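Shown next, in structure tokens, is the structure this report addresses.
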Number of protein chains: 6
Amino acid sequence: MHLSNLHIERAVRAALEEDLGHGRDITSECLIPLSEHATATLTAREDGILCGLMLALSAFSLTDIEFDMTVEKQDGDELKAGDVIAEITGPARSLMTAERVALNLLTHLSGIATLTHRFVSEIEGTGAEICDTRKTIPGLRMFQKYAVSIGGGSNHRFGLDDAILIKDNHIAIAGGISQSLDQAYMLAGHTVKIEIEVDTLEQLQEVLDNGKADIVMLDNMSPETLKKGVEMVNGAMVIEASGGVNLDTVRAIGETGVHYISVGALTHSAPSLDIGLDIR
Amino acid sequence: MHLSNLHIERAVRAALEEDLGHGRDITSECLIPLSEHATATLTAREDGILCGLMLALSAFSLTDIEFDMTVEKQDGDELKAGDVIAEITGPARSLMTAERVALNLLTHLSGIATLTHRFVSEIEGTGAEICDTRKTIPGLRMFQKYAVSIGGGSNHRFGLDDAILIKDNHIAIAGGISQSLDQAYMLAGHTVKIEIEVDTLEQLQEVLDNGKADIVMLDNMSPETLKKGVEMVNGAMVIEASGGVNLDTVRAIGETGVHYISVGALTHSAPSLDIGLDIR
Amino acid sequence: MHLSNLHIERAVRAALEEDLGHGRDITSECLIPLSEHATATLTAREDGILCGLMLALSAFSLTDIEFDMTVEKQDGDELKAGDVIAEITGPARSLMTAERVALNLLTHLSGIATLTHRFVSEIEGTGAEICDTRKTIPGLRMFQKYAVSIGGGSNHRFGLDDAILIKDNHIAIAGGISQSLDQAYMLAGHTVKIEIEVDTLEQLQEVLDNGKADIVMLDNMSPETLKKGVEMVNGAMVIEASGGVNLDTVRAIGETGVHYISVGALTHSAPSLDIGLDIR
Amino acid sequence: MHLSNLHIERAVRAALEEDLGHGRDITSECLIPLSEHATATLTAREDGILCGLMLALSAFSLTDIEFDMTVEKQDGDELKAGDVIAEITGPARSLMTAERVALNLLTHLSGIATLTHRFVSEIEGTGAEICDTRKTIPGLRMFQKYAVSIGGGSNHRFGLDDAILIKDNHIAIAGGISQSLDQAYMLAGHTVKIEIEVDTLEQLQEVLDNGKADIVMLDNMSPETLKKGVEMVNGAMVIEASGGVNLDTVRAIGETGVHYISVGALTHSAPSLDIGLDIR
Amino acid sequence: MHLSNLHIERAVRAALEEDLGHGRDITSECLIPLSEHATATLTAREDGILCGLMLALSAFSLTDIEFDMTVEKQDGDELKAGDVIAEITGPARSLMTAERVALNLLTHLSGIATLTHRFVSEIEGTGAEICDTRKTIPGLRMFQKYAVSIGGGSNHRFGLDDAILIKDNHIAIAGGISQSLDQAYMLAGHTVKIEIEVDTLEQLQEVLDNGKADIVMLDNMSPETLKKGVEMVNGAMVIEASGGVNLDTVRAIGETGVHYISVGALTHSAPSLDIGLDIR
Amino acid sequence: MHLSNLHIERAVRAALEEDLGHGRDITSECLIPLSEHATATLTAREDGILCGLMLALSAFSLTDIEFDMTVEKQDGDELKAGDVIAEITGPARSLMTAERVALNLLTHLSGIATLTHRFVSEIEGTGAEICDTRKTIPGLRMFQKYAVSIGGGSNHRFGLDDAILIKDNHIAIAGGISQSLDQAYMLAGHTVKIEIEVDTLEQLQEVLDNGKADIVMLDNMSPETLKKGVEMVNGAMVIEASGGVNLDTVRAIGETGVHYISVGALTHSAPSLDIGLDIR
């Protein structure tokens, strides 16, 4: 996924305004002369996958135009504790002002990329792919999904508007699986994919008989049931497994032959990756 | 901490707009008749502390004005898996449209309140308090800090503008501890508190000798060193411990006599609390 | 397509602010006493399809809270010249202030719905559907696409983010049709459909051989060529015809067996439908 | 009329954000390497008047800072089908991302300038001027009125706040023509012009007798009646004809001696002008 | 002048967000229980003209929906020290939170209305009117001009876009008075008035000879010179006097026969009017 | 206090958009050719303290990128009538367009700095400091407080969120002085200072006995009473005097030994400082 400058700048500007509150960094303005310059490095404090560097660097360049930056790592690179990510030289006062926003963005997104990478590594060779969900932190979905892609994951839909995902509640209200699929097929535009969630193999059979779904989500099934589901589908649809996925269970799920495994925790529960800024 | 309606509505509206993207929930508009009504419950799926209920309910009321809501729990209540938090009756289509935004806010903030509560419980009886940091997720600081307060924690400063916190980099540039404190004392307005971070007891002594700090942050010290620091300060300043704090180490730190223990993980790494919406 | 209140209010508020400029309706404030009430009707001045009534009514209710409204027609209804669409009673000053914004939205969207309806009627019975494009007027895409759906058309993608559409320039840069499709198939998430544009039947064959496209757009082909294309595809993909479509040519295109006919003019060149507001 | 950079950038940024939805151009990011560069030309596909070039070029420069642009035509120039308008060289991915927004703005505004120019040409030599109305497409008034001026038309008021226009409904509520004019004259500031709409020559006489209007709008009158009106006014006021104006009727209206002819269709019903972007 | 709810709410919401900063009123949330109710009065502490009451009341109703308000005075009413303006009953916490914003708006706008009223009273009976300028405080022009109208003044143009005002610098660049007027007359739309500033009676004669100006501004002239100017104009144009106007000089200027006297101080230097909020 | 570019640009852009209304400077576009260049000077027309130069210069650079600027004075410099502040060379049309916004910001902020400086000079040598309040003009607090600091004053809190200030109404509702202080001390975070307002020396004694306030505000006391208060406090708290402070009374208050004197008039009633722009 490619982030546009438009969205990066808007997000970083909002983050700076949030941190500056009434508009000042009292500590820095009291202690650091305007003319003072300094050089700082962004340095990894633990191992992981780097993500969000352009956002972090924007925090500095939006605070002050005078920064020189040398980039040592790129989004997606593996970091070892101690690795220098980038070196930033410029007005010391602005450097201190932008520090926390830069780190908050960088450590959060790198945390997501790192957790995604661990899931991806766990299922290496199975042919399955890890993907995200809409269980994101409000305001950051675009960036969190970017981090998933940087970590080697694939992106599920970005919002309620870019694909159909029929869940149990929709089925209940619409009057059954086949009726839901017929209706979605008739009303969705032709550029929209249709995915449906099923909890049992009986429901899966109904989806197969109907034939209008592009993707079926097998929800909360054991690896054994998933395997049976994969056999039943036999290539007729894309299969996504979801529910109860963690680093202990993901390999077994990946080996069942499903195409995608969706993991909400990538975006709602990834711990941040420790990265610091050191003034030299 | 008290959240204003102004801020709740603005944040929830932005979250809904993010999820709706180009402006529609394709699945619901294809499958759910406009006239259909339904009742749903917000239900805890694991134990924890509830936080963010007003935001979650706003997601529904901002999507459609016709909802009836019955509230069973309040922010700060302990939840047991299975507990019904609220019951919501209204247009089924809007119910489905607002669901994910409501849950994303509720599970994230309840996750923070729950983790805070675990830290707070861990140090019960020591007299210390848990507090947060500026290591928050951009765009949500106000709400994350609210969640910390609901979980029983105390709030550190909300931004660069509402207190002075002198860190090692500031000290290095300003030319030493005492000079930093003198300068901050002279330039900060009289309504602003001054906190300074020290790494050693020698530095702590310099802070004590200077006498102008309101709060000292003892960074990355062992419980033994912290205890010595507490004795040295002897009530002259508020003492905050930070660095290397986790659920295993926090009790020992709390028992040293420090007043506050700041924990970045509360806001940058809290896993979400599982809460679901069930249509009846 | 279902429009959310959130988006309606935001758009109408912006339209009112645009018309009010520095914040006042000089004519009305000079001539109409604050206490004066009046009743007005929205009345069709020519035949067509109504669209945008909720936006028009919002113009009044966002200007003043005291309006009573009686609705005689709904979006999608056929209008005959002289038909009363709605009756609005309230403060005369606010009625005059909101009039132009209400009519500008209503006549523009009804114009699109009406033109769409004419295209749809033209191909009745052929089994083809009329759809829109991204050739919309900036700022109004969501509402223009809503008007297309109200006129009986189907919606193509809403933006660059919700489906893949590979055009000649993409093919040229990516190095050919098959390579483009392979790459898109590999990199697009599984919830995203892939459409590709071709200009010749040779290219169409290449798309068929590759097998990874969901939709093929046959661009600027004669009805005869389209027919051959439909035979070649033989149900393997959704077929969309585009280019050179107008009310004279659309029937012949619809009879070739294509599934969708996309028409840019629906949104970039629809004349407005004449609707007026009469004070009684 | 002169457009400020402030307004151009704000409008174009909003248009890009609308098209990018959740923030990505999936097609281009899948198919075009970041390092690929390309050159494209904006080329007229039919004859008309160019308008909006600065907005179109902004679409590229706001998407990516690395573009080189060579401009061959200026706003107001006559275009022949095949004319190259500008040449743009830069990152191929961003070129494709910005293409549609650039064209949507350019073809819409050029469509308005072209239609205006046709009306203006039609009345050449009569001494009358074509002007626009407030019947614009919400969100684009400033730009649509700019396009009218580029097409050789004159601008009527930009909003409810910059001139008084007393219409039949105002007269009815205020209690007659003379009373309306007296009141407007007394209450409007001295920098505001007063225009009044009349439907009959009797009303016109009442306006003349009152003497406080700067402009009179003769609404929906035949050329013969207009001529009589012009004689009655005899230079005492500016005269604007409106209602039932189209390319067939405008010349006869222009020859009656009225000063301005206002045409709503310029902004609410102008078909777009076909302009394309070709990658070389 | 009539203020729309749209503009009032937007301005008051922004003012509340400015005062709340990171989103909380710490004092009130610590000291006032959520359930506590109170009644407060807005009371004049000095004599003057009331202005801005709707904005002040909005500060309360936007903070909390539960307020009951009784209004004793209206905008434009004369206040005596001690007069109760309005009584507000509702949640005590929100009452305290909104207090300062309500008062800041009310005292500022009442200050302007009061000062305007003093100027207006000073010239009573002369036939001249006091008007404002564009020398306003950024962000508040609409409201400041409203206050001028409430104080009995008239409004000059609201921005650069709603009238032409040719000043010395324009004349110098355009090449003289007559050339400036010719050009403005030719290029300005017919709904726009033309005003020109002159410093000498020779210049005034040039304006009179040209005949295309609607208004002439006599800048920095003594009452004697103004009188001569009035005689020269002899009813041919509206005359505005400006420059060096204060409460001591305004009467003499008003008696010269000019129509308008513009006073920048009304909006850039009016002291606030003391109004307080008392909890009962 | 240090203003960030982020906040300067946002404020100036909003001011320009306010002045441009529907988006044009009619006078300049009619009279000044696009290619014309000019040089202007910002010149003081009366004595005072300069403040807001970066905002004024931004008005030009945000309107047009082609300006050259030479700065002769800095914020905080004393101006004598006739002093050149800066020289600006660039497109004449944009120069005229930005003029008023630049001056409105500059004259307002310089007015505040100048008035602050007069208060500060008045108490020179007493050891007291002048500080501002939250009685600011909505939308400009950050900039007004910056102007106070440039004038030599100190800043009180910036909003409801960055310090506790307990006033009589809070005390009444919370149940007394000591209870208020206890509650604030318990609930406020440790980074927040507590100030309390008292009207009598009895109340002051209660505050002293309680011991939890950082600052006491002595409201509306005579110099004699203030002196007694200072003796009672005897260094135990910071003392702020407020109420009835003007240029005549401030010296006597400063000599009582209080630390801070807060003056609402600095921001709510400062007359603007006359500064002009002269084209050469």
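Labeling convention for the structure tokens: chains A, B, ... as they appear, residues from 1 per chain, ligands from 1 in order of appearance.
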Distance table requested - chain B against chain D, cut-off 12 Å, only C-alpha atoms: one row per qualifying residue with the closest atom pair and its distance in Å to one decimal, ordered by chain and rising residue number, as a Markdown table.
```
| residue | atom | partner | partner_atom | distance |
| --- | --- | --- | --- | --- |
| B:Glu17 | CA | D:His22 | CA | 10.3 |
| B:Glu18 | CA | D:His22 | CA | 7.6 |
| B:Asp19 | CA | D:His22 | CA | 8.8 |
| B:Leu20 | CA | D:His22 | CA | 9.3 |
| B:Gly21 | CA | D:Gly21 | CA | 5.8 |
| B:His22 | CA | D:Gly21 | CA | 6.0 |
| B:Gly23 | CA | D:Gly21 | CA | 9.5 |
| B:Arg24 | CA | D:Gly21 | CA | 11.8 |
```
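Look at Ile32 (chain A): the protein and nucleic acid residues within 7 Å of it, using only C-alpha atoms and passing over chain neighbours fewer than 5 places away, are Ala92 and Arg93 of chain A; Ile173 and Ala174 of chain B.
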So that I can see what lies close to region 107-113 of chain B, please list as an NGL selection string the residues with an atom at most 6 Å from it, counting only C-alpha atoms and leaving out residues fewer than 2 positions away in the same chain. :B and (49-52 or 103-105 or 115-116 or 147-148 or 150-151 or 266 or 270-273)
Do a neighbour search on region 236-245 of chain F at 8 Å with only C-alpha atoms, toss out local chain neighbours closer than 4 positions, and write the hits as a short mmCIF file (atom, residue, chain, number, x, y, z; two decimals) with N, CA, C and O atoms, in the first residue's frame.
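The file below, out10.cif, is the result:
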```
data_model
loop_
_atom_site.label_atom_id
_atom_site.label_comp_id
_atom_site.auth_asym_id
_atom_site.auth_seq_id
_atom_site.Cartn_x
_atom_site.Cartn_y
_atom_site.Cartn_z
N HIS B 190 3.64 31.45 36.47
CA HIS B 190 3.49 30.98 37.86
C HIS B 190 2.44 29.88 37.99
O HIS B 190 2.31 29.28 39.04
N LEU F 208 -4.22 29.50 54.13
CA LEU F 208 -2.91 29.25 54.75
C LEU F 208 -2.97 28.05 55.68
O LEU F 208 -2.08 27.22 55.71
N ALA F 213 -2.76 25.03 48.65
CA ALA F 213 -2.75 25.88 47.45
C ALA F 213 -1.32 26.25 47.07
O ALA F 213 -0.47 26.45 47.93
N ASP F 214 -1.07 26.32 45.76
CA ASP F 214 0.22 26.82 45.29
C ASP F 214 0.20 28.33 45.16
O ASP F 214 1.23 28.98 45.31
N ILE F 215 -0.98 28.85 44.78
CA ILE F 215 -1.10 30.28 44.50
C ILE F 215 -2.39 30.80 45.13
O ILE F 215 -3.41 30.11 45.10
N VAL F 216 -2.34 32.00 45.67
CA VAL F 216 -3.57 32.60 46.15
C VAL F 216 -3.81 33.89 45.37
O VAL F 216 -2.89 34.65 45.10
N MET F 217 -5.04 34.07 44.95
CA MET F 217 -5.39 35.30 44.25
C MET F 217 -6.16 36.19 45.23
O MET F 217 -7.23 35.81 45.71
N LEU F 218 -5.60 37.36 45.48
CA LEU F 218 -6.25 38.32 46.37
C LEU F 218 -7.08 39.25 45.50
O LEU F 218 -6.53 40.04 44.73
N ASP F 219 -8.39 39.10 45.60
CA ASP F 219 -9.27 39.76 44.64
C ASP F 219 -9.84 41.06 45.17
O ASP F 219 -10.44 41.09 46.26
N ASN F 220 -9.64 42.14 44.42
CA ASN F 220 -10.27 43.41 44.74
C ASN F 220 -9.94 43.92 46.14
O ASN F 220 -10.82 44.38 46.87
N MET F 221 -8.69 43.83 46.52
CA MET F 221 -8.29 44.35 47.83
C MET F 221 -7.55 45.67 47.66
O MET F 221 -6.87 45.89 46.66
N LEU F 226 -3.79 44.34 50.81
CA LEU F 226 -2.82 43.48 50.11
C LEU F 226 -1.54 43.35 50.92
O LEU F 226 -0.99 42.25 51.07
N VAL F 230 0.20 39.98 52.19
CA VAL F 230 1.58 39.57 51.89
C VAL F 230 2.30 39.17 53.17
O VAL F 230 3.02 38.15 53.21
N THR F 249 -3.62 52.65 39.25
CA THR F 249 -3.57 51.93 40.53
C THR F 249 -2.45 50.90 40.59
O THR F 249 -2.11 50.41 41.66
N VAL F 250 -1.88 50.55 39.45
CA VAL F 250 -1.03 49.37 39.44
C VAL F 250 0.25 49.53 40.25
O VAL F 250 0.73 48.58 40.88
N ILE F 253 -0.26 48.80 43.87
CA ILE F 253 -0.44 47.37 44.07
C ILE F 253 0.90 46.65 43.98
O ILE F 253 1.22 45.77 44.78
N VAL F 258 3.12 41.82 46.37
CA VAL F 258 2.52 40.67 45.65
C VAL F 258 3.46 40.28 44.51
O VAL F 258 4.25 41.08 44.04
N HIS F 259 3.36 39.00 44.09
CA HIS F 259 4.26 38.53 43.03
C HIS F 259 3.72 38.83 41.64
O HIS F 259 4.47 39.14 40.74
N TYR F 260 2.40 38.67 41.47
CA TYR F 260 1.80 38.85 40.14
C TYR F 260 0.58 39.76 40.24
O TYR F 260 -0.15 39.72 41.23
N ILE F 261 0.37 40.54 39.19
CA ILE F 261 -0.82 41.38 39.09
C ILE F 261 -1.49 41.03 37.76
O ILE F 261 -0.88 41.24 36.70
N SER F 262 -2.68 40.49 37.83
CA SER F 262 -3.33 40.07 36.59
C SER F 262 -4.28 41.16 36.08
O SER F 262 -5.03 41.75 36.85
N VAL F 263 -4.22 41.39 34.77
CA VAL F 263 -4.92 42.52 34.17
C VAL F 263 -5.71 42.05 32.94
O VAL F 263 -5.14 41.78 31.89
#
```
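Interatomic distance, CA of Met142 (chain A) to CA of Ala15 (chain B): 12.0 Å.
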Shell of 9 Å around Met54 (chain A), only C-alpha atoms, local chain residues under 4 positions omitted, as a PDB file with C-alpha atoms, in the first residue's frame:
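Saved result, result-v5.pdb, follows:
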```
ATOM      1  CA  ILE A   8       0.622  11.904   5.842  1.00  0.00           C
ATOM      2  CA  SER A  58       7.216  14.758   8.643  1.00  0.00           C
ATOM      3  CA  ALA A  59       6.783  15.596  12.312  1.00  0.00           C
ATOM      4  CA  ASP A  75       9.780   0.940   6.060  1.00  0.00           C
ATOM      5  CA  LEU A 106       6.749   5.379  14.592  1.00  0.00           C
TER       6      LEU A 106
END
```
Long-range neighbours of Ile171 (chain C) as a ChimeraX atom specification, 10 Å cut-off, only C-alpha atoms, 5 positions minimum in chain: /C:166,176-181,196-198 /D:31-32
Can I get the selected residues back with N, CA and C atoms, as a compact mmCIF listing (two decimals), in the first residue's frame?
```txt
# COMPACT_ATOMS: atom_id res chain seq x y z
N ILE C 166 -7.68 -1.30 -14.66
CA ILE C 166 -6.42 -1.18 -15.40
C ILE C 166 -6.72 -0.59 -16.77
N GLY C 176 2.32 -4.79 -20.45
CA GLY C 176 1.42 -5.72 -21.12
C GLY C 176 0.26 -6.17 -20.27
N ILE C 177 -0.74 -6.70 -20.96
CA ILE C 177 -1.99 -7.09 -20.31
C ILE C 177 -1.80 -8.20 -19.29
N SER C 178 -1.14 -9.25 -19.71
CA SER C 178 -1.08 -10.40 -18.82
C SER C 178 -0.23 -10.08 -17.59
N GLN C 179 0.84 -9.37 -17.81
CA GLN C 179 1.70 -8.99 -16.69
C GLN C 179 0.95 -8.07 -15.72
N SER C 180 0.15 -7.16 -16.27
CA SER C 180 -0.65 -6.26 -15.42
C SER C 180 -1.62 -7.06 -14.56
N LEU C 181 -2.30 -8.00 -15.20
CA LEU C 181 -3.28 -8.78 -14.44
C LEU C 181 -2.61 -9.65 -13.38
N ILE C 196 -10.29 -4.61 -16.28
CA ILE C 196 -9.28 -4.18 -17.24
C ILE C 196 -9.97 -3.67 -18.50
N GLU C 197 -9.40 -2.63 -19.05
CA GLU C 197 -9.95 -2.01 -20.27
C GLU C 197 -9.21 -2.55 -21.49
N VAL C 198 -9.97 -2.94 -22.52
CA VAL C 198 -9.32 -3.36 -23.77
C VAL C 198 -9.95 -2.61 -24.94
N LEU D 31 0.57 -1.51 -10.02
CA LEU D 31 1.13 -1.69 -11.36
C LEU D 31 2.29 -0.79 -11.71
N ILE D 32 2.45 0.32 -11.02
CA ILE D 32 3.47 1.27 -11.43
C ILE D 32 4.55 1.40 -10.37
```
Tell me, which residues of region 54-227 of chain F carry DSSP alpha helix (DSSP H), written as a PyMOL selection string? chain F and resi 54-63+92-122+141-150+168-174+177-187+201-210+223-227
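Of the residues in region 88-192 of chain E, those that DSSP places in strand (DSSP E) on the basis of the backbone are Ile88, Thr89, Gly90, Pro91, Glu129, Ile130, Cys131, Ile164, Leu165 and Ile166 of chain E.
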Check the smallest atom-to-atom distance from each of D:Gly235, D:Gly189, D:Gly139, D:Gly264 to Ala11 (chain D) using only C-alpha atoms, then report the winner. D:Gly139
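The residue set within 8 Å of Ser154 (chain B), counting only C-alpha atoms and dropping same-chain residues fewer than 3 places from it, reads B:Glu129, B:Ile130, B:Cys131, B:Asp132, B:Val148, B:Ser149, F:Gly189.
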